[in-house]
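Colleague: Enclosed is the structure file structure19.pdb (PDB, C-alpha atoms and all ligand atoms).
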ATOM      1  CA  MET A  87     -35.892  28.494  43.483
ATOM      2  CA  ILE A  88     -37.011  24.982  44.312
ATOM      3  CA  PHE A  89     -40.499  24.106  45.410
ATOM      4  CA  VAL A  90     -40.036  22.285  48.699
ATOM      5  CA  ASN A  91     -43.048  20.013  48.547
ATOM      6  CA  PRO A  92     -46.283  19.708  46.596
ATOM      7  CA  SER A  93     -48.475  21.380  49.223
ATOM      8  CA  SER A  94     -46.254  24.324  50.164
ATOM      9  CA  PHE A  95     -44.768  26.421  47.378
ATOM     10  CA  THR A  96     -41.769  28.553  48.124
ATOM     11  CA  LEU A  97     -40.154  30.509  45.339
ATOM     12  CA  HIS A  98     -36.627  31.780  45.952
ATOM     13  CA  LEU A  99     -34.949  34.182  43.588
ATOM     14  CA  PRO A 100     -31.388  33.086  42.808
ATOM     15  CA  GLU A 101     -28.809  34.308  45.304
ATOM     16  CA  TRP A 102     -26.692  35.937  42.599
ATOM     17  CA  LEU A 103     -29.703  38.045  41.619
ATOM     18  CA  GLU A 104     -30.362  39.286  45.150
ATOM     19  CA  THR A 105     -26.669  40.114  45.542
ATOM     20  CA  LEU A 106     -26.545  41.950  42.218
ATOM     21  CA  VAL A 107     -29.577  44.069  43.058
ATOM     22  CA  ARG A 108     -27.988  45.060  46.380
ATOM     23  CA  GLN A 109     -24.815  46.110  44.564
ATOM     24  CA  THR A 110     -26.509  47.967  41.706
ATOM     25  CA  ASN A 111     -26.918  51.729  41.615
ATOM     26  CA  HIS A 112     -30.524  52.872  41.571
ATOM     27  CA  PRO A 113     -32.633  54.316  40.134
ATOM     28  CA  PHE A 114     -32.566  53.713  36.381
ATOM     29  CA  PRO A 115     -33.458  57.065  34.841
ATOM     30  CA  THR A 116     -34.036  56.009  31.219
ATOM     31  CA  VAL A 117     -35.898  53.203  29.531
ATOM     32  CA  GLU A 118     -32.650  52.108  27.899
ATOM     33  CA  ALA A 119     -30.879  51.913  31.279
ATOM     34  CA  ARG A 120     -33.686  49.730  32.618
ATOM     35  CA  MET A 121     -33.554  47.487  29.562
ATOM     36  CA  ASN A 122     -29.779  47.168  29.700
ATOM     37  CA  PHE A 123     -30.070  46.038  33.325
ATOM     38  CA  VAL A 124     -32.699  43.456  32.384
ATOM     39  CA  ILE A 125     -30.697  42.147  29.423
ATOM     40  CA  GLU A 126     -27.704  41.739  31.708
ATOM     41  CA  LEU A 127     -29.896  39.686  34.051
ATOM     42  CA  SER A 128     -30.906  37.433  31.152
ATOM     43  CA  ARG A 129     -27.247  36.850  30.288
ATOM     44  CA  LEU A 130     -26.305  36.179  33.909
ATOM     45  CA  ASN A 131     -29.216  33.773  34.323
ATOM     46  CA  VAL A 132     -27.663  31.586  31.657
ATOM     47  CA  ARG A 133     -24.131  31.992  33.002
ATOM     48  CA  HIS A 134     -25.218  30.989  36.522
ATOM     49  CA  GLU A 135     -27.270  28.110  35.094
ATOM     50  CA  THR A 136     -30.382  29.217  36.953
ATOM     51  CA  GLY A 137     -32.694  29.228  33.930
ATOM     52  CA  GLY A 138     -33.359  30.190  30.335
ATOM     53  CA  PRO A 139     -32.141  33.347  28.572
ATOM     54  CA  PHE A 140     -34.952  35.604  29.733
ATOM     55  CA  ALA A 141     -35.271  38.275  32.425
ATOM     56  CA  ALA A 142     -37.642  41.041  33.416
ATOM     57  CA  ALA A 143     -38.055  43.697  36.088
ATOM     58  CA  ILE A 144     -40.759  46.028  37.327
ATOM     59  CA  PHE A 145     -39.809  49.676  37.850
ATOM     60  CA  ARG A 146     -41.592  52.846  38.851
ATOM     61  CA  SER A 147     -42.128  54.352  35.432
ATOM     62  CA  ASP A 148     -41.908  57.923  36.746
ATOM     63  CA  ASP A 149     -38.461  57.773  38.370
ATOM     64  CA  GLY A 150     -36.987  54.366  37.452
ATOM     65  CA  THR A 151     -36.877  52.924  40.955
ATOM     66  CA  LEU A 152     -36.620  49.130  40.812
ATOM     67  CA  LEU A 153     -39.520  47.385  42.538
ATOM     68  CA  ALA A 154     -38.522  43.799  41.760
ATOM     69  CA  PRO A 155     -36.478  41.815  39.249
ATOM     70  CA  GLY A 156     -37.125  38.330  37.950
ATOM     71  CA  VAL A 157     -35.519  35.724  35.741
ATOM     72  CA  ASN A 158     -36.719  32.607  33.995
ATOM     73  CA  LEU A 159     -36.661  29.698  36.466
ATOM     74  CA  VAL A 160     -38.397  26.976  34.441
ATOM     75  CA  LEU A 161     -35.471  24.560  34.528
ATOM     76  CA  THR A 162     -34.286  24.957  38.113
ATOM     77  CA  GLY A 163     -37.822  25.394  39.475
ATOM     78  CA  ARG A 164     -39.000  22.425  37.414
ATOM     79  CA  CYS A 165     -42.111  24.420  36.586
ATOM     80  CA  SER A 166     -43.372  25.462  33.157
ATOM     81  CA  VAL A 167     -45.001  28.710  34.316
ATOM     82  CA  LEU A 168     -41.862  30.246  35.829
ATOM     83  CA  HIS A 169     -41.178  32.560  32.927
ATOM     84  CA  ALA A 170     -39.319  35.773  33.761
ATOM     85  CA  GLU A 171     -42.425  37.974  33.585
ATOM     86  CA  ILE A 172     -44.400  35.683  35.906
ATOM     87  CA  VAL A 173     -41.557  35.487  38.441
ATOM     88  CA  THR A 174     -41.198  39.268  38.315
ATOM     89  CA  ILE A 175     -44.909  39.887  38.839
ATOM     90  CA  ILE A 176     -44.954  37.477  41.805
ATOM     91  CA  ALA A 177     -41.911  39.189  43.345
ATOM     92  CA  ALA A 178     -43.255  42.689  42.723
ATOM     93  CA  GLN A 179     -46.717  42.014  44.106
ATOM     94  CA  ALA A 180     -45.214  40.294  47.147
ATOM     95  CA  LYS A 181     -43.094  43.384  47.739
ATOM     96  CA  ALA A 182     -45.942  45.826  47.156
ATOM     97  CA  VAL A 183     -48.318  43.555  49.134
ATOM     98  CA  THR A 184     -51.073  43.729  46.550
ATOM     99  CA  TYR A 185     -52.494  41.761  43.656
ATOM    100  CA  ASP A 186     -53.027  45.025  41.756
ATOM    101  CA  LEU A 187     -50.066  47.188  40.843
ATOM    102  CA  SER A 188     -52.456  49.801  39.465
ATOM    103  CA  SER A 189     -53.971  50.523  42.893
ATOM    104  CA  PRO A 190     -54.594  54.278  43.203
ATOM    105  CA  GLU A 191     -52.275  54.639  46.203
ATOM    106  CA  LEU A 192     -49.328  53.188  44.281
ATOM    107  CA  PRO A 193     -47.027  54.933  41.802
ATOM    108  CA  PRO A 194     -47.256  53.879  38.133
ATOM    109  CA  TYR A 195     -45.295  50.705  37.424
ATOM    110  CA  GLU A 196     -43.896  49.300  34.209
ATOM    111  CA  LEU A 197     -42.630  45.854  33.332
ATOM    112  CA  VAL A 198     -39.430  45.725  31.297
ATOM    113  CA  THR A 199     -38.819  42.362  29.665
ATOM    114  CA  SER A 200     -35.855  41.155  27.641
ATOM    115  CA  THR A 201     -38.205  39.426  25.173
ATOM    116  CA  GLU A 202     -41.835  40.144  24.371
ATOM    117  CA  PRO A 203     -44.261  38.136  26.502
ATOM    118  CA  CYS A 204     -45.410  34.715  25.299
ATOM    119  CA  ALA A 205     -49.120  33.860  25.221
ATOM    120  CA  MET A 206     -49.113  32.923  28.933
ATOM    121  CA  CYS A 207     -47.194  35.987  30.099
ATOM    122  CA  LEU A 208     -49.318  38.310  27.969
ATOM    123  CA  GLY A 209     -52.293  37.342  30.129
ATOM    124  CA  ALA A 210     -50.281  37.737  33.323
ATOM    125  CA  VAL A 211     -49.105  41.192  32.248
ATOM    126  CA  THR A 212     -52.670  42.238  31.497
ATOM    127  CA  TRP A 213     -53.849  41.124  34.929
ATOM    128  CA  SER A 214     -50.914  42.535  36.902
ATOM    129  CA  GLY A 215     -51.824  46.223  36.996
ATOM    130  CA  ILE A 216     -48.683  47.499  35.296
ATOM    131  CA  ARG A 217     -49.206  50.666  33.259
ATOM    132  CA  ARG A 218     -46.519  50.163  30.629
ATOM    133  CA  LEU A 219     -44.787  47.216  28.966
ATOM    134  CA  VAL A 220     -41.270  47.690  27.593
ATOM    135  CA  CYS A 221     -39.892  44.921  25.341
ATOM    136  CA  GLY A 222     -36.448  44.114  23.957
ATOM    137  CA  ALA A 223     -36.391  41.132  21.578
ATOM    138  CA  ARG A 224     -39.517  40.245  19.632
ATOM    139  CA  GLY A 225     -41.520  37.062  19.941
ATOM    140  CA  GLU A 226     -40.224  35.935  16.565
ATOM    141  CA  ASP A 227     -36.665  36.272  17.873
ATOM    142  CA  ALA A 228     -37.506  33.797  20.656
ATOM    143  CA  GLU A 229     -39.138  31.462  18.142
ATOM    144  CA  GLU A 230     -36.071  31.644  15.938
ATOM    145  CA  THR A 231     -34.136  30.396  18.969
ATOM    146  CA  GLY A 232     -36.585  27.488  19.229
ATOM    147  CA  PHE A 233     -38.904  28.624  22.017
ATOM    148  CA  ASP A 234     -42.655  28.237  21.578
ATOM    149  CA  GLU A 235     -44.333  31.593  22.150
ATOM    150  CA  GLY A 236     -47.863  30.221  21.933
ATOM    151  CA  GLU A 237     -50.852  31.635  20.107
ATOM    152  CA  LYS A 238     -51.152  35.366  20.668
ATOM    153  CA  PRO A 239     -53.780  37.543  19.010
ATOM    154  CA  PRO A 240     -52.138  39.268  16.024
ATOM    155  CA  GLU A 241     -53.214  42.648  17.373
ATOM    156  CA  TRP A 242     -52.054  41.996  20.942
ATOM    157  CA  PRO A 243     -50.236  45.356  21.366
ATOM    158  CA  LYS A 244     -53.478  47.140  20.540
ATOM    159  CA  GLY A 245     -55.279  44.894  23.034
ATOM    160  CA  LEU A 246     -52.926  46.069  25.772
ATOM    161  CA  GLU A 247     -53.407  49.698  24.768
ATOM    162  CA  ARG A 248     -57.172  49.229  24.947
ATOM    163  CA  ARG A 249     -56.689  48.183  28.573
ATOM    164  CA  GLY A 250     -54.636  51.251  29.351
ATOM    165  CA  ILE A 251     -51.222  49.552  29.122
ATOM    166  CA  THR A 252     -48.878  51.414  26.824
ATOM    167  CA  ILE A 253     -46.172  49.429  25.048
ATOM    168  CA  LEU A 254     -42.667  50.192  23.845
ATOM    169  CA  ARG A 255     -41.046  47.606  21.547
ATOM    170  CA  ASP A 256     -37.565  46.964  20.155
ATOM    171  CA  ILE A 257     -35.744  48.718  23.014
ATOM    172  CA  CYS A 258     -32.106  47.509  22.700
ATOM    173  CA  ARG A 259     -33.484  44.651  20.586
ATOM    174  CA  ASP A 260     -30.108  43.701  19.104
ATOM    175  CA  LYS A 261     -28.532  43.232  22.530
ATOM    176  CA  ALA A 262     -31.485  41.176  23.734
ATOM    177  CA  VAL A 263     -31.382  38.992  20.617
ATOM    178  CA  ALA A 264     -27.642  38.402  21.080
ATOM    179  CA  VAL A 265     -28.360  36.693  24.415
ATOM    180  CA  LEU A 266     -30.879  34.379  22.735
ATOM    181  CA  ARG A 267     -28.491  33.516  19.925
ATOM    182  CA  ASP A 268     -25.604  32.872  22.324
ATOM    183  CA  TYR A 269     -27.858  30.562  24.332
ATOM    184  CA  ARG A 270     -28.759  28.548  21.274
ATOM    185  CA  ALA A 271     -25.178  28.479  20.004
ATOM    186  CA  SER A 272     -23.965  27.149  23.358
ATOM    187  CA  GLY A 273     -26.470  24.284  23.252
ATOM    188  CA  GLY A 274     -28.830  25.674  25.896
ATOM    189  CA  ILE A 275     -31.902  23.579  26.673
ATOM    190  CA  ILE A 276     -35.037  24.530  24.740
ATOM    191  CA  TYR A 277     -37.626  23.489  27.288
ATOM    192  CA  ASN A 278     -40.822  23.367  25.246
ATOM    193  CA  PRO A 279     -43.216  20.572  26.229
ATOM    194  CA  TYR A 280     -42.737  17.301  24.418
ATOM    195  CA  ARG A 281     -45.572  16.989  21.948
ATOM    196  CA  GLY A 282     -44.639  13.852  20.131
ATOM    197  CA  ASN A 283     -44.815  14.498  16.428
ATOM    198  CA  ALA A 284     -46.946  17.621  16.579
ATOM    199  CA  PRO A 285     -46.347  19.175  13.156
ATOM    200  CA  SER A 286     -46.686  22.835  14.077
ATOM    201  CA  MET A 287     -43.564  23.148  16.242
ATOM    202  CA  LYS A 288     -40.579  24.824  14.714
ATOM    203  CA  PRO A 289     -37.206  23.204  15.394
TER     204      PRO A 289
HETATM  205 ZN    ZN B 301     -43.785  33.723  28.979
END
Please express what this file holds, its structure, as structure tokens.
Modeller:
Amino acid sequence: MIFVNPSSFTLHLPEWLETLVRQTNHPFPTVEARMNFVIELSRLNVRHETGGPFAAAIFRSDDGTLLAPGVNLVLTGRCSVLHAEIVTIIAAQAKAVTYDLSSPELPPYELVTSTEPCAMCLGAVTWSGIRRLVCGARGEDAEETGFDEGEKPPEWPKGLERRGITILRDICRDKAVAVLRDYRASGGIIYNPYRGNAPSMKP
């Protein structure tokens, strides 16, 4: 997951993640099964010290086949944009060999994320071509943990729907929130940018 040099970017998913996917039974027939898998990835990402307490995965929404998983790699990748949703979209589009997961020749895909997308990931989700977004914890749960979710339009779920992306929220929310709370309780790094004395940041 380390960028090798400034002019050639190579993104490696953590080895434990690749191994886990090989050992996991597919497909995931229900939305809850997909979310439980993703929440487990978020917990393991912390345990393996490969990143923050966030994970995501893109599945075929019709039969639950996993296209690609992703986890937050901000700390180990030393890169602020490596949120779980971004990593997942990169991995999925590399696997599908397209920048548009809504291409007519492809099956419908959905992105399942352990926490609702932040302002950056909301844009990435919109541009990715997924047809459905499935969320566990809410943005306010992440902010309660100390993470900055950025400025999202208040009506952002409706904005997605207007672009043909359906959204399911609060799927296994309690389990997803427990991972965030455990991370904070264990002293996990809250990797927001340093903004001096900017008054708007919550602790
Ligand atoms: Zn994000």
Colleague: Which residues, written as number ranges by chain, have at least one atom at most 12 Å from Cys258 of chain A, with only C-alpha atoms counted and residues fewer than 2 positions away on the same chain left out?
Modeller: A: 117-126, 198-201, 220-224, 254-256, 260-265
Colleague: Store the residues of this selection in a file with C-alpha atoms, as a PDB file, in the frame of the given file.
Modeller:
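Listed below is the output, part_9.pdb:
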ATOM      1  CA  VAL A 117     -35.898  53.203  29.531  1.00  0.00           C
ATOM      2  CA  GLU A 118     -32.650  52.108  27.899  1.00  0.00           C
ATOM      3  CA  ALA A 119     -30.879  51.913  31.279  1.00  0.00           C
ATOM      4  CA  ARG A 120     -33.686  49.730  32.618  1.00  0.00           C
ATOM      5  CA  MET A 121     -33.554  47.487  29.562  1.00  0.00           C
ATOM      6  CA  ASN A 122     -29.779  47.168  29.700  1.00  0.00           C
ATOM      7  CA  PHE A 123     -30.070  46.038  33.325  1.00  0.00           C
ATOM      8  CA  VAL A 124     -32.699  43.456  32.384  1.00  0.00           C
ATOM      9  CA  ILE A 125     -30.697  42.147  29.423  1.00  0.00           C
ATOM     10  CA  GLU A 126     -27.704  41.739  31.708  1.00  0.00           C
ATOM     11  CA  VAL A 198     -39.430  45.725  31.297  1.00  0.00           C
ATOM     12  CA  THR A 199     -38.819  42.362  29.665  1.00  0.00           C
ATOM     13  CA  SER A 200     -35.855  41.155  27.641  1.00  0.00           C
ATOM     14  CA  THR A 201     -38.205  39.426  25.173  1.00  0.00           C
ATOM     15  CA  VAL A 220     -41.270  47.690  27.593  1.00  0.00           C
ATOM     16  CA  CYS A 221     -39.892  44.921  25.341  1.00  0.00           C
ATOM     17  CA  GLY A 222     -36.448  44.114  23.957  1.00  0.00           C
ATOM     18  CA  ALA A 223     -36.391  41.132  21.578  1.00  0.00           C
ATOM     19  CA  ARG A 224     -39.517  40.245  19.632  1.00  0.00           C
ATOM     20  CA  LEU A 254     -42.667  50.192  23.845  1.00  0.00           C
ATOM     21  CA  ARG A 255     -41.046  47.606  21.547  1.00  0.00           C
ATOM     22  CA  ASP A 256     -37.565  46.964  20.155  1.00  0.00           C
ATOM     23  CA  ASP A 260     -30.108  43.701  19.104  1.00  0.00           C
ATOM     24  CA  LYS A 261     -28.532  43.232  22.530  1.00  0.00           C
ATOM     25  CA  ALA A 262     -31.485  41.176  23.734  1.00  0.00           C
ATOM     26  CA  VAL A 263     -31.382  38.992  20.617  1.00  0.00           C
ATOM     27  CA  ALA A 264     -27.642  38.402  21.080  1.00  0.00           C
ATOM     28  CA  VAL A 265     -28.360  36.693  24.415  1.00  0.00           C
TER      29      VAL A 265
END
Colleague: Taking (-49.7, 41.3, 26.8) as a centre in this file's frame and 9 Å as the limit, can you find every polymer residue with an atom that close, using all atoms listed in the file, and give them as a PyMOL selection string?
Modeller: chain A and resi 202-212+219+238+242-243+245-246+251
Colleague: Quick one, how far is atom CA of Ser166 of chain A from atom CA of Lys244 of chain A?
Modeller: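 Spanning atom CA of Ser166 of chain A to atom CA of Lys244 of chain A is a straight-line distance of 27.0 Å.
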Colleague: I'd like the neighbourhood of His112 of chain A as a list of chain:residue names, where a residue qualifies if any of its atoms comes within 12 Å (using only C-alpha atoms), though same-chain residues fewer than 3 positions away should be ignored.
Modeller: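 Neighbouring residues, sequence-local ones excluded: A:Leu106, A:Val107, A:Arg108, A:Gln109, A:Pro115, A:Thr116, A:Ala119, A:Arg120, A:Phe123, A:Phe145, A:Arg146, A:Asp149, A:Gly150, A:Thr151, A:Leu152, A:Leu153.
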Colleague: Run the PyMOL selection byres (((chain A and resi 175) around 10) and not hetatm) against the file shown and list the residues it catches, as a ChimeraX atom specification.
Modeller: /A:142-144,153-156,170-174,176-181,185,187,197,207,210-211,213-216
Colleague: With C-alpha atoms kept, could you save the residues just selected as a compact mmCIF listing (two decimals), keeping the file's coordinate frame?
Modeller:
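Just written: part05.txt:
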# COMPACT_ATOMS: atom_id res chain seq x y z
CA ALA A 142 -37.64 41.04 33.42
CA ALA A 143 -38.06 43.70 36.09
CA ILE A 144 -40.76 46.03 37.33
CA LEU A 153 -39.52 47.38 42.54
CA ALA A 154 -38.52 43.80 41.76
CA PRO A 155 -36.48 41.82 39.25
CA GLY A 156 -37.12 38.33 37.95
CA ALA A 170 -39.32 35.77 33.76
CA GLU A 171 -42.42 37.97 33.58
CA ILE A 172 -44.40 35.68 35.91
CA VAL A 173 -41.56 35.49 38.44
CA THR A 174 -41.20 39.27 38.32
CA ILE A 176 -44.95 37.48 41.80
CA ALA A 177 -41.91 39.19 43.34
CA ALA A 178 -43.26 42.69 42.72
CA GLN A 179 -46.72 42.01 44.11
CA ALA A 180 -45.21 40.29 47.15
CA LYS A 181 -43.09 43.38 47.74
CA TYR A 185 -52.49 41.76 43.66
CA LEU A 187 -50.07 47.19 40.84
CA LEU A 197 -42.63 45.85 33.33
CA CYS A 207 -47.19 35.99 30.10
CA ALA A 210 -50.28 37.74 33.32
CA VAL A 211 -49.10 41.19 32.25
CA TRP A 213 -53.85 41.12 34.93
CA SER A 214 -50.91 42.54 36.90
CA GLY A 215 -51.82 46.22 37.00
CA ILE A 216 -48.68 47.50 35.30
Colleague: Residue by residue, what does the PyMOL selection byres (((chain A and resi 273-277) around 12) and not hetatm) grab here? Present the result as a PyMOL selection string.
Modeller: chain A and resi 131-133+135-139+158-162+164-169+228-235+265-272+278-281+288-289
Colleague: How would the residues just picked look written out with C-alpha atoms as a tab-separated table (two decimals), in the frame of the given file?
Modeller:
chain	number	residue	atom	x	y	z
A	131	ASN	CA	-29.22	33.77	34.32
A	132	VAL	CA	-27.66	31.59	31.66
A	133	ARG	CA	-24.13	31.99	33.00
A	135	GLU	CA	-27.27	28.11	35.09
A	136	THR	CA	-30.38	29.22	36.95
A	137	GLY	CA	-32.69	29.23	33.93
A	138	GLY	CA	-33.36	30.19	30.34
A	139	PRO	CA	-32.14	33.35	28.57
A	158	ASN	CA	-36.72	32.61	33.99
A	159	LEU	CA	-36.66	29.70	36.47
A	160	VAL	CA	-38.40	26.98	34.44
A	161	LEU	CA	-35.47	24.56	34.53
A	162	THR	CA	-34.29	24.96	38.11
A	164	ARG	CA	-39.00	22.42	37.41
A	165	CYS	CA	-42.11	24.42	36.59
A	166	SER	CA	-43.37	25.46	33.16
A	167	VAL	CA	-45.00	28.71	34.32
A	168	LEU	CA	-41.86	30.25	35.83
A	169	HIS	CA	-41.18	32.56	32.93
A	228	ALA	CA	-37.51	33.80	20.66
A	229	GLU	CA	-39.14	31.46	18.14
A	230	GLU	CA	-36.07	31.64	15.94
A	231	THR	CA	-34.14	30.40	18.97
A	232	GLY	CA	-36.58	27.49	19.23
A	233	PHE	CA	-38.90	28.62	22.02
A	234	ASP	CA	-42.66	28.24	21.58
A	235	GLU	CA	-44.33	31.59	22.15
A	265	VAL	CA	-28.36	36.69	24.42
A	266	LEU	CA	-30.88	34.38	22.74
A	267	ARG	CA	-28.49	33.52	19.92
A	268	ASP	CA	-25.60	32.87	22.32
A	269	TYR	CA	-27.86	30.56	24.33
A	270	ARG	CA	-28.76	28.55	21.27
A	271	ALA	CA	-25.18	28.48	20.00
A	272	SER	CA	-23.96	27.15	23.36
A	278	ASN	CA	-40.82	23.37	25.25
A	279	PRO	CA	-43.22	20.57	26.23
A	280	TYR	CA	-42.74	17.30	24.42
A	281	ARG	CA	-45.57	16.99	21.95
A	288	LYS	CA	-40.58	24.82	14.71
A	289	PRO	CA	-37.21	23.20	15.39
Colleague: Report, in Å with one decimal, the straight-line distance from atom CA of Gly282 of chain A to atom CA of Pro240 of chain A.
Modeller: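 Going from atom CA of Gly282 of chain A over to atom CA of Pro240 of chain A, I get 26.8 Å.
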Colleague: Put the listed atoms of segment 99-103 of chain A in a box along x, y and z with 8 Å added on every side and give me the centre and edge lengths in Å to one decimal, as JSON.
Modeller:
{"center_x": -30.8, "center_y": 35.6, "center_z": 43.5, "size_x": 24.3, "size_y": 21.0, "size_z": 19.7}
Colleague: Could you jot down the atom CA of Leu127 of chain A to atom CA of Leu103 of chain A separation for me, Å, one decimal place?
Modeller: 7.7 Å
Colleague: Counting all atoms listed in the file, figure out which residue out of A:Arg217, A:Pro190, A:Ala141, A:Glu241 gets nearest to ligand ZN 301 (chain B).
Modeller: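 Using all atoms listed in the file, ligand ZN 301 (chain B) sits closest to A:Ala141.
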Colleague: Find the residue from A:Leu99, A:Leu192, A:Ile257, A:Val157 that sits nearest to ligand ZN 301 (chain B); use only C-alpha atoms and all ligand atoms when measuring.
Modeller: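 Closest to ligand ZN 301 (chain B), using only C-alpha atoms and all ligand atoms: A:Val157.
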Colleague: Nearest residue to ligand ZN 301 (chain B) out of A:Gly225, A:Gly250, A:Pro194, A:Pro239, using only C-alpha atoms and all ligand atoms?
Modeller: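 Checking each of A:Gly225, A:Gly250, A:Pro194, A:Pro239 against ligand ZN 301 (chain B), counting only C-alpha atoms and all ligand atoms, the winner is A:Gly225.
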Colleague: Could you please fill out segment 106-122 of chain A with N, CA and C atoms and send it back as a PDB file, keeping the file's coordinate frame?
Modeller:
ATOM      1  N   LEU A 106     -26.734  40.948  43.269  1.00  0.00           N
ATOM      2  CA  LEU A 106     -26.545  41.950  42.218  1.00  0.00           C
ATOM      3  C   LEU A 106     -27.422  43.173  42.455  1.00  0.00           C
ATOM      4  N   VAL A 107     -28.658  42.945  42.832  1.00  0.00           N
ATOM      5  CA  VAL A 107     -29.577  44.069  43.058  1.00  0.00           C
ATOM      6  C   VAL A 107     -29.067  44.934  44.213  1.00  0.00           C
ATOM      7  N   ARG A 108     -28.536  44.291  45.251  1.00  0.00           N
ATOM      8  CA  ARG A 108     -27.988  45.060  46.380  1.00  0.00           C
ATOM      9  C   ARG A 108     -26.803  45.914  45.954  1.00  0.00           C
ATOM     10  N   GLN A 109     -26.050  45.426  44.970  1.00  0.00           N
ATOM     11  CA  GLN A 109     -24.815  46.110  44.564  1.00  0.00           C
ATOM     12  C   GLN A 109     -25.032  47.093  43.419  1.00  0.00           C
ATOM     13  N   THR A 110     -26.243  47.144  42.883  1.00  0.00           N
ATOM     14  CA  THR A 110     -26.509  47.967  41.706  1.00  0.00           C
ATOM     15  C   THR A 110     -26.965  49.363  42.111  1.00  0.00           C
ATOM     16  N   ASN A 111     -26.491  50.352  41.360  1.00  0.00           N
ATOM     17  CA  ASN A 111     -26.918  51.729  41.615  1.00  0.00           C
ATOM     18  C   ASN A 111     -28.350  51.934  41.129  1.00  0.00           C
ATOM     19  N   HIS A 112     -29.158  52.549  41.960  1.00  0.00           N
ATOM     20  CA  HIS A 112     -30.524  52.872  41.571  1.00  0.00           C
ATOM     21  C   HIS A 112     -30.663  54.391  41.608  1.00  0.00           C
ATOM     22  N   PRO A 113     -31.696  54.974  41.032  1.00  0.00           N
ATOM     23  CA  PRO A 113     -32.633  54.316  40.134  1.00  0.00           C
ATOM     24  C   PRO A 113     -32.065  54.243  38.712  1.00  0.00           C
ATOM     25  N   PHE A 114     -32.929  53.827  37.790  1.00  0.00           N
ATOM     26  CA  PHE A 114     -32.566  53.713  36.381  1.00  0.00           C
ATOM     27  C   PHE A 114     -33.352  54.791  35.629  1.00  0.00           C
ATOM     28  N   PRO A 115     -32.697  55.903  35.308  1.00  0.00           N
ATOM     29  CA  PRO A 115     -33.458  57.065  34.841  1.00  0.00           C
ATOM     30  C   PRO A 115     -34.083  56.917  33.457  1.00  0.00           C
ATOM     31  N   THR A 116     -33.494  56.106  32.581  1.00  0.00           N
ATOM     32  CA  THR A 116     -34.036  56.009  31.219  1.00  0.00           C
ATOM     33  C   THR A 116     -34.539  54.592  30.943  1.00  0.00           C
ATOM     34  N   VAL A 117     -35.385  54.508  29.946  1.00  0.00           N
ATOM     35  CA  VAL A 117     -35.898  53.203  29.531  1.00  0.00           C
ATOM     36  C   VAL A 117     -34.751  52.305  29.074  1.00  0.00           C
ATOM     37  N   GLU A 118     -33.790  52.897  28.389  1.00  0.00           N
ATOM     38  CA  GLU A 118     -32.650  52.108  27.899  1.00  0.00           C
ATOM     39  C   GLU A 118     -31.822  51.572  29.074  1.00  0.00           C
ATOM     40  N   ALA A 119     -31.643  52.370  30.102  1.00  0.00           N
ATOM     41  CA  ALA A 119     -30.879  51.913  31.279  1.00  0.00           C
ATOM     42  C   ALA A 119     -31.590  50.743  31.951  1.00  0.00           C
ATOM     43  N   ARG A 120     -32.903  50.828  32.011  1.00  0.00           N
ATOM     44  CA  ARG A 120     -33.686  49.730  32.618  1.00  0.00           C
ATOM     45  C   ARG A 120     -33.560  48.466  31.760  1.00  0.00           C
ATOM     46  N   MET A 121     -33.645  48.651  30.446  1.00  0.00           N
ATOM     47  CA  MET A 121     -33.554  47.487  29.562  1.00  0.00           C
ATOM     48  C   MET A 121     -32.155  46.884  29.609  1.00  0.00           C
ATOM     49  N   ASN A 122     -31.142  47.709  29.641  1.00  0.00           N
ATOM     50  CA  ASN A 122     -29.779  47.168  29.700  1.00  0.00           C
ATOM     51  C   ASN A 122     -29.577  46.342  30.970  1.00  0.00           C
TER      52      ASN A 122
END
